[in-house]
file work03.cif (mmCIF, N, CA and C atoms)
data_target
#
loop_
_atom_site.group_PDB
_atom_site.id
_atom_site.type_symbol
_atom_site.label_atom_id
_atom_site.label_comp_id
_atom_site.auth_asym_id
_atom_site.auth_seq_id
_atom_site.Cartn_x
_atom_site.Cartn_y
_atom_site.Cartn_z
ATOM 1 N N MET M 1 -10.422 -17.063 -5.957
ATOM 2 C CA MET M 1 -10.688 -15.675 -6.235
ATOM 3 C C MET M 1 -9.925 -15.271 -7.494
ATOM 4 N N GLU M 2 -10.612 -14.664 -8.427
ATOM 5 C CA GLU M 2 -10.007 -14.264 -9.689
ATOM 6 C C GLU M 2 -9.205 -12.981 -9.520
ATOM 7 N N SER M 3 -8.016 -12.957 -10.079
ATOM 8 C CA SER M 3 -7.174 -11.763 -10.008
ATOM 9 C C SER M 3 -7.678 -10.726 -10.993
ATOM 10 N N LYS M 4 -7.712 -9.469 -10.561
ATOM 11 C CA LYS M 4 -8.132 -8.387 -11.444
ATOM 12 C C LYS M 4 -6.929 -7.568 -11.900
ATOM 13 N N GLY M 5 -5.730 -7.996 -11.517
ATOM 14 C CA GLY M 5 -4.523 -7.262 -11.878
ATOM 15 C C GLY M 5 -3.999 -7.687 -13.236
ATOM 16 N N VAL M 6 -2.799 -7.270 -13.528
ATOM 17 C CA VAL M 6 -2.147 -7.624 -14.782
ATOM 18 C C VAL M 6 -1.812 -9.109 -14.749
ATOM 19 N N PRO M 7 -2.247 -9.867 -15.772
ATOM 20 C CA PRO M 7 -1.933 -11.295 -15.760
ATOM 21 C C PRO M 7 -0.423 -11.507 -15.873
ATOM 22 N N LEU M 8 0.092 -12.428 -15.092
ATOM 23 C CA LEU M 8 1.513 -12.746 -15.106
ATOM 24 C C LEU M 8 1.708 -14.137 -15.674
ATOM 25 N N SER M 9 2.780 -14.311 -16.418
ATOM 26 C CA SER M 9 3.121 -15.646 -16.890
ATOM 27 C C SER M 9 3.558 -16.471 -15.692
ATOM 28 N N GLU M 10 3.427 -17.778 -15.803
ATOM 29 C CA GLU M 10 3.813 -18.642 -14.688
ATOM 30 C C GLU M 10 5.272 -18.406 -14.318
ATOM 31 N N GLY M 11 5.510 -18.156 -13.041
ATOM 32 C CA GLY M 11 6.862 -17.922 -12.559
ATOM 33 C C GLY M 11 7.362 -16.499 -12.751
ATOM 34 N N GLU M 12 6.565 -15.648 -13.384
ATOM 35 C CA GLU M 12 6.985 -14.265 -13.634
ATOM 36 C C GLU M 12 6.655 -13.386 -12.433
ATOM 37 N N ASN M 13 7.562 -12.522 -12.070
ATOM 38 C CA ASN M 13 7.343 -11.561 -10.991
ATOM 39 C C ASN M 13 7.382 -10.154 -11.555
ATOM 40 N N GLN M 14 6.683 -9.246 -10.902
ATOM 41 C CA GLN M 14 6.740 -7.838 -11.267
ATOM 42 C C GLN M 14 7.187 -7.048 -10.053
ATOM 43 N N LEU M 15 7.930 -5.982 -10.300
ATOM 44 C CA LEU M 15 8.342 -5.119 -9.204
ATOM 45 C C LEU M 15 7.161 -4.283 -8.752
ATOM 46 N N ALA M 16 7.007 -4.165 -7.435
ATOM 47 C CA ALA M 16 5.926 -3.357 -6.882
ATOM 48 C C ALA M 16 6.338 -1.890 -6.769
ATOM 49 N N PHE M 17 7.643 -1.622 -6.794
ATOM 50 C CA PHE M 17 8.175 -0.264 -6.699
ATOM 51 C C PHE M 17 9.236 -0.065 -7.767
ATOM 52 N N ASP M 18 9.544 1.170 -8.059
ATOM 53 C CA ASP M 18 10.567 1.520 -9.030
ATOM 54 C C ASP M 18 11.943 1.033 -8.552
ATOM 55 N N ARG M 19 12.606 0.240 -9.371
ATOM 56 C CA ARG M 19 13.885 -0.360 -8.968
ATOM 57 C C ARG M 19 14.937 0.704 -8.662
ATOM 58 N N SER M 20 15.064 1.734 -9.501
ATOM 59 C CA SER M 20 16.106 2.744 -9.263
ATOM 60 C C SER M 20 15.847 3.511 -7.970
ATOM 61 N N LEU M 21 14.584 3.760 -7.649
ATOM 62 C CA LEU M 21 14.258 4.438 -6.391
ATOM 63 C C LEU M 21 14.623 3.547 -5.199
ATOM 64 N N CYS M 22 14.356 2.251 -5.321
ATOM 65 C CA CYS M 22 14.727 1.311 -4.251
ATOM 66 C C CYS M 22 16.237 1.309 -4.049
ATOM 67 N N GLU M 23 16.979 1.241 -5.155
ATOM 68 C CA GLU M 23 18.441 1.217 -5.052
ATOM 69 C C GLU M 23 18.966 2.513 -4.448
ATOM 70 N N GLU M 24 18.410 3.644 -4.886
ATOM 71 C CA GLU M 24 18.828 4.946 -4.362
ATOM 72 C C GLU M 24 18.566 5.045 -2.859
ATOM 73 N N SER M 25 17.458 4.446 -2.412
ATOM 74 C CA SER M 25 17.087 4.475 -0.993
ATOM 75 C C SER M 25 17.734 3.338 -0.205
ATOM 76 N N ARG M 26 18.511 2.510 -0.900
ATOM 77 C CA ARG M 26 19.180 1.347 -0.296
ATOM 78 C C ARG M 26 18.175 0.357 0.314
ATOM 79 N N LEU M 27 17.116 0.112 -0.466
ATOM 80 C CA LEU M 27 16.081 -0.832 -0.038
ATOM 81 C C LEU M 27 15.946 -1.936 -1.073
ATOM 82 N N PRO M 28 15.693 -3.170 -0.634
ATOM 83 C CA PRO M 28 15.473 -4.241 -1.604
ATOM 84 C C PRO M 28 14.163 -4.006 -2.357
ATOM 85 N N ALA M 29 14.175 -4.296 -3.650
ATOM 86 C CA ALA M 29 12.959 -4.151 -4.451
ATOM 87 C C ALA M 29 11.940 -5.199 -4.007
ATOM 88 N N VAL M 30 10.689 -4.809 -3.956
ATOM 89 C CA VAL M 30 9.609 -5.724 -3.580
ATOM 90 C C VAL M 30 9.053 -6.330 -4.859
ATOM 91 N N GLU M 31 9.053 -7.646 -4.938
ATOM 92 C CA GLU M 31 8.527 -8.325 -6.116
ATOM 93 C C GLU M 31 7.156 -8.900 -5.806
ATOM 94 N N PHE M 32 6.286 -8.885 -6.814
ATOM 95 C CA PHE M 32 4.929 -9.399 -6.668
ATOM 96 C C PHE M 32 4.665 -10.376 -7.801
ATOM 97 N N ASP M 33 4.180 -11.561 -7.456
ATOM 98 C CA ASP M 33 3.941 -12.583 -8.470
ATOM 99 C C ASP M 33 2.479 -12.711 -8.865
ATOM 100 N N GLY M 34 1.619 -11.853 -8.325
ATOM 101 C CA GLY M 34 0.207 -11.893 -8.669
ATOM 102 C C GLY M 34 -0.591 -12.883 -7.848
ATOM 103 N N VAL M 35 0.075 -13.663 -7.013
ATOM 104 C CA VAL M 35 -0.599 -14.680 -6.209
ATOM 105 C C VAL M 35 -0.328 -14.476 -4.722
ATOM 106 N N HIS M 36 0.938 -14.368 -4.376
ATOM 107 C CA HIS M 36 1.335 -14.273 -2.971
ATOM 108 C C HIS M 36 1.455 -12.819 -2.532
ATOM 109 N N ASP M 37 1.291 -12.585 -1.236
ATOM 110 C CA ASP M 37 1.452 -11.240 -0.694
ATOM 111 C C ASP M 37 2.881 -10.762 -0.909
ATOM 112 N N ALA M 38 3.016 -9.480 -1.193
ATOM 113 C CA ALA M 38 4.336 -8.858 -1.322
ATOM 114 C C ALA M 38 4.590 -8.057 -0.054
ATOM 115 N N PHE M 39 5.714 -8.289 0.573
ATOM 116 C CA PHE M 39 6.043 -7.602 1.823
ATOM 117 C C PHE M 39 7.306 -6.775 1.650
ATOM 118 N N LEU M 40 7.346 -5.634 2.335
ATOM 119 C CA LEU M 40 8.578 -4.861 2.410
ATOM 120 C C LEU M 40 9.571 -5.651 3.247
ATOM 121 N N SER M 41 10.834 -5.513 2.935
ATOM 122 C CA SER M 41 11.876 -6.222 3.674
ATOM 123 C C SER M 41 12.000 -5.667 5.088
ATOM 124 N N ARG M 42 12.294 -6.538 6.038
ATOM 125 C CA ARG M 42 12.497 -6.098 7.428
ATOM 126 C C ARG M 42 13.785 -5.291 7.575
ATOM 127 N N VAL M 43 14.736 -5.465 6.644
ATOM 128 C CA VAL M 43 16.013 -4.738 6.716
ATOM 129 C C VAL M 43 16.318 -4.087 5.369
ATOM 130 N N ASP M 44 17.124 -3.015 5.399
ATOM 131 C CA ASP M 44 17.546 -2.378 4.159
ATOM 132 C C ASP M 44 18.736 -3.145 3.574
ATOM 133 N N LEU M 45 19.291 -2.647 2.469
ATOM 134 C CA LEU M 45 20.393 -3.356 1.812
ATOM 135 C C LEU M 45 21.677 -3.357 2.634
ATOM 136 N N LEU M 46 21.738 -2.514 3.658
ATOM 137 C CA LEU M 46 22.904 -2.485 4.543
ATOM 138 C C LEU M 46 22.688 -3.338 5.787
ATOM 139 N N GLY M 47 21.508 -4.007 5.857
ATOM 140 C CA GLY M 47 21.206 -4.871 6.994
ATOM 141 C C GLY M 47 20.611 -4.155 8.191
ATOM 142 N N ARG M 48 20.310 -2.862 8.034
ATOM 143 C CA ARG M 48 19.724 -2.096 9.138
ATOM 144 C C ARG M 48 18.214 -2.332 9.177
ATOM 145 N N PRO M 49 17.598 -2.307 10.361
ATOM 146 C CA PRO M 49 16.146 -2.464 10.453
ATOM 147 C C PRO M 49 15.434 -1.417 9.598
ATOM 148 N N PHE M 50 14.408 -1.853 8.863
ATOM 149 C CA PHE M 50 13.672 -0.943 7.990
ATOM 150 C C PHE M 50 12.205 -0.850 8.386
ATOM 151 N N ILE M 51 11.535 -1.996 8.511
ATOM 152 C CA ILE M 51 10.105 -1.991 8.833
ATOM 153 C C ILE M 51 9.792 -3.206 9.697
ATOM 154 N N GLU M 52 8.810 -3.033 10.566
ATOM 155 C CA GLU M 52 8.358 -4.137 11.403
ATOM 156 C C GLU M 52 6.841 -4.214 11.288
ATOM 157 N N TYR M 53 6.341 -5.373 10.925
ATOM 158 C CA TYR M 53 4.897 -5.577 10.855
ATOM 159 C C TYR M 53 4.420 -5.962 12.247
ATOM 160 N N ILE M 54 3.611 -5.113 12.877
ATOM 161 C CA ILE M 54 3.183 -5.395 14.244
ATOM 162 C C ILE M 54 1.724 -5.822 14.328
ATOM 163 N N GLU M 55 0.952 -5.584 13.278
ATOM 164 C CA GLU M 55 -0.441 -6.035 13.246
ATOM 165 C C GLU M 55 -0.772 -6.502 11.842
ATOM 166 N N LYS M 56 -1.674 -7.459 11.750
ATOM 167 C CA LYS M 56 -2.156 -7.924 10.454
ATOM 168 C C LYS M 56 -3.640 -7.616 10.358
ATOM 169 N N TYR M 57 -4.064 -7.247 9.177
ATOM 170 C CA TYR M 57 -5.469 -6.947 8.932
ATOM 171 C C TYR M 57 -5.944 -7.761 7.740
ATOM 172 N N GLU M 58 -7.249 -7.992 7.688
ATOM 173 C CA GLU M 58 -7.814 -8.739 6.572
ATOM 174 C C GLU M 58 -7.645 -7.950 5.278
ATOM 175 N N PRO M 59 -7.521 -8.653 4.156
ATOM 176 C CA PRO M 59 -7.429 -7.951 2.871
ATOM 177 C C PRO M 59 -8.669 -7.088 2.643
ATOM 178 N N GLN M 60 -8.483 -5.967 1.988
ATOM 179 C CA GLN M 60 -9.570 -5.040 1.697
ATOM 180 C C GLN M 60 -9.758 -4.957 0.184
ATOM 181 N N PRO M 61 -11.001 -4.829 -0.289
ATOM 182 C CA PRO M 61 -11.224 -4.731 -1.732
ATOM 183 C C PRO M 61 -10.776 -3.384 -2.298
ATOM 184 N N ASP M 62 -10.598 -2.399 -1.438
ATOM 185 C CA ASP M 62 -10.187 -1.073 -1.876
ATOM 186 C C ASP M 62 -9.404 -0.417 -0.744
ATOM 187 N N PHE M 63 -8.763 0.690 -1.017
ATOM 188 C CA PHE M 63 -8.009 1.391 0.013
ATOM 189 C C PHE M 63 -8.955 1.832 1.124
ATOM 190 N N PRO M 64 -8.697 1.457 2.388
ATOM 191 C CA PRO M 64 -9.617 1.775 3.497
ATOM 192 C C PRO M 64 -9.438 3.214 4.001
ATOM 193 N N PHE M 65 -9.791 4.200 3.167
ATOM 194 C CA PHE M 65 -9.553 5.609 3.464
ATOM 195 C C PHE M 65 -10.187 6.046 4.781
ATOM 196 N N LEU M 66 -11.469 5.759 4.976
ATOM 197 C CA LEU M 66 -12.152 6.213 6.195
ATOM 198 C C LEU M 66 -11.557 5.562 7.441
ATOM 199 N N TRP M 67 -11.267 4.278 7.364
ATOM 200 C CA TRP M 67 -10.662 3.559 8.495
ATOM 201 C C TRP M 67 -9.315 4.177 8.851
ATOM 202 N N LEU M 68 -8.495 4.440 7.835
ATOM 203 C CA LEU M 68 -7.178 5.026 8.056
ATOM 204 C C LEU M 68 -7.295 6.445 8.604
ATOM 205 N N ARG M 69 -8.218 7.203 8.047
ATOM 206 C CA ARG M 69 -8.409 8.589 8.495
ATOM 207 C C ARG M 69 -8.784 8.638 9.976
ATOM 208 N N GLU M 70 -9.662 7.736 10.411
ATOM 209 C CA GLU M 70 -10.073 7.692 11.824
ATOM 210 C C GLU M 70 -8.877 7.464 12.748
ATOM 211 N N ARG M 71 -7.887 6.727 12.280
ATOM 212 C CA ARG M 71 -6.722 6.437 13.103
ATOM 213 C C ARG M 71 -5.630 7.506 12.997
ATOM 214 N N LEU M 72 -5.558 8.190 11.849
ATOM 215 C CA LEU M 72 -4.526 9.211 11.662
ATOM 216 C C LEU M 72 -4.875 10.553 12.292
ATOM 217 N N LEU M 73 -6.135 10.944 12.241
ATOM 218 C CA LEU M 73 -6.513 12.264 12.758
ATOM 219 C C LEU M 73 -6.120 12.488 14.216
ATOM 220 N N PRO M 74 -6.335 11.523 15.116
ATOM 221 C CA PRO M 74 -5.915 11.751 16.501
ATOM 222 C C PRO M 74 -4.398 11.933 16.647
ATOM 223 N N ILE M 75 -3.640 11.396 15.714
ATOM 224 C CA ILE M 75 -2.182 11.493 15.785
ATOM 225 C C ILE M 75 -1.673 12.751 15.088
ATOM 226 N N TRP M 76 -2.126 12.990 13.851
ATOM 227 C CA TRP M 76 -1.599 14.086 13.042
ATOM 228 C C TRP M 76 -2.477 15.322 13.034
ATOM 229 N N GLY M 77 -3.785 15.156 13.278
ATOM 230 C CA GLY M 77 -4.696 16.289 13.161
ATOM 231 C C GLY M 77 -5.020 16.573 11.696
ATOM 232 N N GLU M 78 -5.811 17.630 11.457
ATOM 233 C CA GLU M 78 -6.195 18.024 10.094
ATOM 234 C C GLU M 78 -5.067 18.834 9.475
ATOM 235 N N LYS M 79 -4.192 18.188 8.729
ATOM 236 C CA LYS M 79 -3.056 18.891 8.141
ATOM 237 C C LYS M 79 -3.139 19.015 6.631
ATOM 238 N N ARG M 80 -3.975 18.225 6.001
ATOM 239 C CA ARG M 80 -4.058 18.255 4.545
ATOM 240 C C ARG M 80 -5.509 18.405 4.122
ATOM 241 N N ALA M 81 -5.710 19.240 3.130
ATOM 242 C CA ALA M 81 -7.072 19.499 2.661
ATOM 243 C C ALA M 81 -7.762 18.228 2.177
ATOM 244 N N TRP M 82 -7.010 17.310 1.554
ATOM 245 C CA TRP M 82 -7.648 16.109 1.022
ATOM 246 C C TRP M 82 -8.114 15.161 2.116
ATOM 247 N N LEU M 83 -7.731 15.413 3.360
ATOM 248 C CA LEU M 83 -8.247 14.606 4.465
ATOM 249 C C LEU M 83 -9.507 15.214 5.062
ATOM 250 N N ASN M 84 -9.949 16.323 4.509
ATOM 251 C CA ASN M 84 -11.134 17.010 4.986
ATOM 252 C C ASN M 84 -12.379 16.329 4.419
ATOM 253 N N ASP M 85 -13.387 16.117 5.254
ATOM 254 C CA ASP M 85 -14.616 15.455 4.804
ATOM 255 C C ASP M 85 -15.227 16.135 3.584
ATOM 256 N N GLU M 86 -15.285 17.456 3.587
ATOM 257 C CA GLU M 86 -15.918 18.191 2.492
ATOM 258 C C GLU M 86 -15.185 17.977 1.172
ATOM 259 N N ASP M 87 -13.867 17.940 1.210
ATOM 260 C CA ASP M 87 -13.083 17.789 -0.013
ATOM 261 C C ASP M 87 -13.240 16.414 -0.647
ATOM 262 N N SER M 88 -13.557 15.410 0.145
ATOM 263 C CA SER M 88 -13.660 14.064 -0.400
ATOM 264 C C SER M 88 -15.096 13.658 -0.719
ATOM 265 N N LYS M 89 -16.082 14.481 -0.361
ATOM 266 C CA LYS M 89 -17.483 14.116 -0.632
ATOM 267 C C LYS M 89 -17.717 13.964 -2.132
ATOM 268 N N GLY M 90 -18.397 12.887 -2.471
ATOM 269 C CA GLY M 90 -18.720 12.621 -3.860
ATOM 270 C C GLY M 90 -17.649 11.835 -4.601
ATOM 271 N N HIS M 91 -16.484 11.648 -3.986
ATOM 272 C CA HIS M 91 -15.426 10.882 -4.652
ATOM 273 C C HIS M 91 -15.843 9.415 -4.715
ATOM 274 N N VAL M 92 -15.688 8.817 -5.873
ATOM 275 C CA VAL M 92 -16.064 7.415 -6.066
ATOM 276 C C VAL M 92 -14.795 6.565 -6.136
ATOM 277 N N MET M 93 -14.698 5.582 -5.240
ATOM 278 C CA MET M 93 -13.556 4.670 -5.226
ATOM 279 C C MET M 93 -13.763 3.592 -6.294
ATOM 280 N N ALA M 94 -12.696 2.862 -6.616
ATOM 281 C CA ALA M 94 -12.765 1.800 -7.624
ATOM 282 C C ALA M 94 -13.802 0.741 -7.256
ATOM 283 N N SER M 95 -14.018 0.539 -5.965
ATOM 284 C CA SER M 95 -14.979 -0.464 -5.505
ATOM 285 C C SER M 95 -16.421 -0.007 -5.690
ATOM 286 N N GLY M 96 -16.602 1.296 -6.001
ATOM 287 C CA GLY M 96 -17.947 1.846 -6.123
ATOM 288 C C GLY M 96 -18.374 2.615 -4.893
ATOM 289 N N PHE M 97 -17.579 2.543 -3.810
ATOM 290 C CA PHE M 97 -17.896 3.273 -2.584
ATOM 291 C C PHE M 97 -17.844 4.765 -2.869
ATOM 292 N N VAL M 98 -18.890 5.487 -2.436
ATOM 293 C CA VAL M 98 -18.954 6.936 -2.637
ATOM 294 C C VAL M 98 -18.848 7.617 -1.290
ATOM 295 N N PHE M 99 -17.951 8.586 -1.193
ATOM 296 C CA PHE M 99 -17.802 9.352 0.046
ATOM 297 C C PHE M 99 -18.949 10.337 0.176
#
call {"tool": "encode", "arguments": {"input": "work03.cif", "output": "C-alpha cells"}}
result
Amino acid sequence: MESKGVPLSEGENQLAFDRSLCEESRLPAVEFDGVHDAFLSRVDLLGRPFIEYIEKYEPQPDFPFLWLRERLLPIWGEKRAWLNDEDSKGHVMASGFVF
C-alpha cells in the first residue's frame, strides 16, 4: 500500500504531537515513522497509567465520523452543534464521502 503522507527518509521519525505540549502534560512524545502504527504510551513520564487499548479496529481510509457519532450520542447526547446531522450535511471528507 502506497503511503499518502509526508515521505520520510529511511530511519527518520516524525512527532505525531507537539513536543512542548507533551512535555507540559508529562506525556512521552509519540513518534511516527510512516510505516508502523504509532501508539500512545500506556504510562505518562511519571510512570502513572495513561491509556489502555481495550479494543482494536481495522484501519479506516478516513475519520469514521458516523460510526463514532453512533457510539457517542448514547453516552454524551447532543451537546455540540457540529454533531448535529443538519450541520454536517454536504460536508465532503478527504475520502470523497459526502454527509
call {"tool": "atom_distance", "arguments": {"input": "work03.cif", "atom1": "CA of Tyr57 (chain M)", "atom2": "CA of His91 (chain M)"}}
result
24.5 Å
call {"tool": "closest_residue", "arguments": {"input": "work03.cif", "among": "M:Ala94, M:Leu46, M:Phe65, M:Ile51", "to": "Leu27 (chain M)", "atoms": "all atoms listed in the file"}}
result
M:Leu46
call {"tool": "atom_distance", "arguments": {"input": "work03.cif", "atom1": "atom N of Gly96 (chain M)", "atom2": "atom C of Arg69 (chain M)"}}
result
19.2 Å
call {"tool": "atom_distance", "arguments": {"input": "work03.cif", "atom1": "CA of Asp37 (chain M)", "atom2": "CA of Pro64 (chain M)"}}
result
17.6 Å
call {"tool": "closest_residue", "arguments": {"input": "work03.cif", "among": "M:Ser95, M:Phe63, M:Ala38, M:Asp44", "to": "Ser25 (chain M)", "atoms": "only C-alpha atoms"}}
result
M:Asp44
call {"tool": "decode", "arguments": {"input": "work03.cif", "residues": "region 22-46 of chain M", "atoms": "N, CA and C atoms", "output": "mmCIF file, in the first residue's frame"}}
result
data_model
loop_
_atom_site.group_PDB
_atom_site.id
_atom_site.type_symbol
_atom_site.label_atom_id
_atom_site.label_comp_id
_atom_site.auth_asym_id
_atom_site.auth_seq_id
_atom_site.Cartn_x
_atom_site.Cartn_y
_atom_site.Cartn_z
ATOM 1 N N CYS M 22 3.479 17.825 24.891
ATOM 2 C CA CYS M 22 3.681 16.518 25.535
ATOM 3 C C CYS M 22 4.461 16.682 26.833
ATOM 4 N N GLU M 23 5.538 17.467 26.778
ATOM 5 C CA GLU M 23 6.356 17.667 27.977
ATOM 6 C C GLU M 23 5.561 18.371 29.069
ATOM 7 N N GLU M 24 4.792 19.392 28.684
ATOM 8 C CA GLU M 24 3.973 20.128 29.649
ATOM 9 C C GLU M 24 2.944 19.212 30.311
ATOM 10 N N SER M 25 2.409 18.265 29.534
ATOM 11 C CA SER M 25 1.405 17.326 30.046
ATOM 12 C C SER M 25 2.040 16.099 30.697
ATOM 13 N N ARG M 26 3.371 16.060 30.700
ATOM 14 C CA ARG M 26 4.134 14.932 31.258
ATOM 15 C C ARG M 26 3.806 13.609 30.550
ATOM 16 N N LEU M 27 3.754 13.706 29.217
ATOM 17 C CA LEU M 27 3.479 12.524 28.397
ATOM 18 C C LEU M 27 4.624 12.312 27.420
ATOM 19 N N PRO M 28 4.976 11.056 27.142
ATOM 20 C CA PRO M 28 6.016 10.811 26.144
ATOM 21 C C PRO M 28 5.513 11.206 24.756
ATOM 22 N N ALA M 29 6.395 11.799 23.964
ATOM 23 C CA ALA M 29 6.027 12.173 22.598
ATOM 24 C C ALA M 29 5.815 10.907 21.771
ATOM 25 N N VAL M 30 4.818 10.927 20.920
ATOM 26 C CA VAL M 30 4.528 9.791 20.042
ATOM 27 C C VAL M 30 5.258 10.026 18.729
ATOM 28 N N GLU M 31 6.091 9.081 18.339
ATOM 29 C CA GLU M 31 6.828 9.203 17.087
ATOM 30 C C GLU M 31 6.198 8.309 16.033
ATOM 31 N N PHE M 32 6.224 8.782 14.789
ATOM 32 C CA PHE M 32 5.655 8.040 13.670
ATOM 33 C C PHE M 32 6.701 7.959 12.571
ATOM 34 N N ASP M 33 6.939 6.754 12.071
ATOM 35 C CA ASP M 33 7.961 6.571 11.047
ATOM 36 C C ASP M 33 7.392 6.438 9.643
ATOM 37 N N GLY M 34 6.079 6.582 9.496
ATOM 38 C CA GLY M 34 5.459 6.493 8.184
ATOM 39 C C GLY M 34 5.138 5.076 7.757
ATOM 40 N N VAL M 35 5.546 4.093 8.544
ATOM 41 C CA VAL M 35 5.323 2.691 8.198
ATOM 42 C C VAL M 35 4.554 1.967 9.298
ATOM 43 N N HIS M 36 5.046 2.077 10.515
ATOM 44 C CA HIS M 36 4.461 1.347 11.639
ATOM 45 C C HIS M 36 3.421 2.194 12.362
ATOM 46 N N ASP M 37 2.481 1.528 13.021
ATOM 47 C CA ASP M 37 1.475 2.237 13.805
ATOM 48 C C ASP M 37 2.145 3.009 14.933
ATOM 49 N N ALA M 38 1.610 4.181 15.216
ATOM 50 C CA ALA M 38 2.083 4.988 16.344
ATOM 51 C C ALA M 38 1.064 4.849 17.465
ATOM 52 N N PHE M 39 1.524 4.499 18.638
ATOM 53 C CA PHE M 39 0.628 4.300 19.777
ATOM 54 C C PHE M 39 0.968 5.277 20.890
ATOM 55 N N LEU M 40 -0.064 5.719 21.606
ATOM 56 C CA LEU M 40 0.156 6.494 22.818
ATOM 57 C C LEU M 40 0.760 5.566 23.859
ATOM 58 N N SER M 41 1.589 6.110 24.712
ATOM 59 C CA SER M 41 2.227 5.314 25.758
ATOM 60 C C SER M 41 1.200 4.873 26.794
ATOM 61 N N ARG M 42 1.380 3.677 27.328
ATOM 62 C CA ARG M 42 0.482 3.179 28.383
ATOM 63 C C ARG M 42 0.676 3.947 29.690
ATOM 64 N N VAL M 43 1.844 4.582 29.868
ATOM 65 C CA VAL M 43 2.120 5.334 31.102
ATOM 66 C C VAL M 43 2.639 6.728 30.758
ATOM 67 N N ASP M 44 2.454 7.675 31.690
ATOM 68 C CA ASP M 44 2.993 9.014 31.493
ATOM 69 C C ASP M 44 4.470 9.031 31.898
ATOM 70 N N LEU M 45 5.096 10.206 31.845
ATOM 71 C CA LEU M 45 6.526 10.295 32.155
ATOM 72 C C LEU M 45 6.836 10.029 33.624
ATOM 73 N N LEU M 46 5.812 10.037 34.468
ATOM 74 C CA LEU M 46 6.000 9.731 35.888
ATOM 75 C C LEU M 46 5.710 8.266 36.190
#
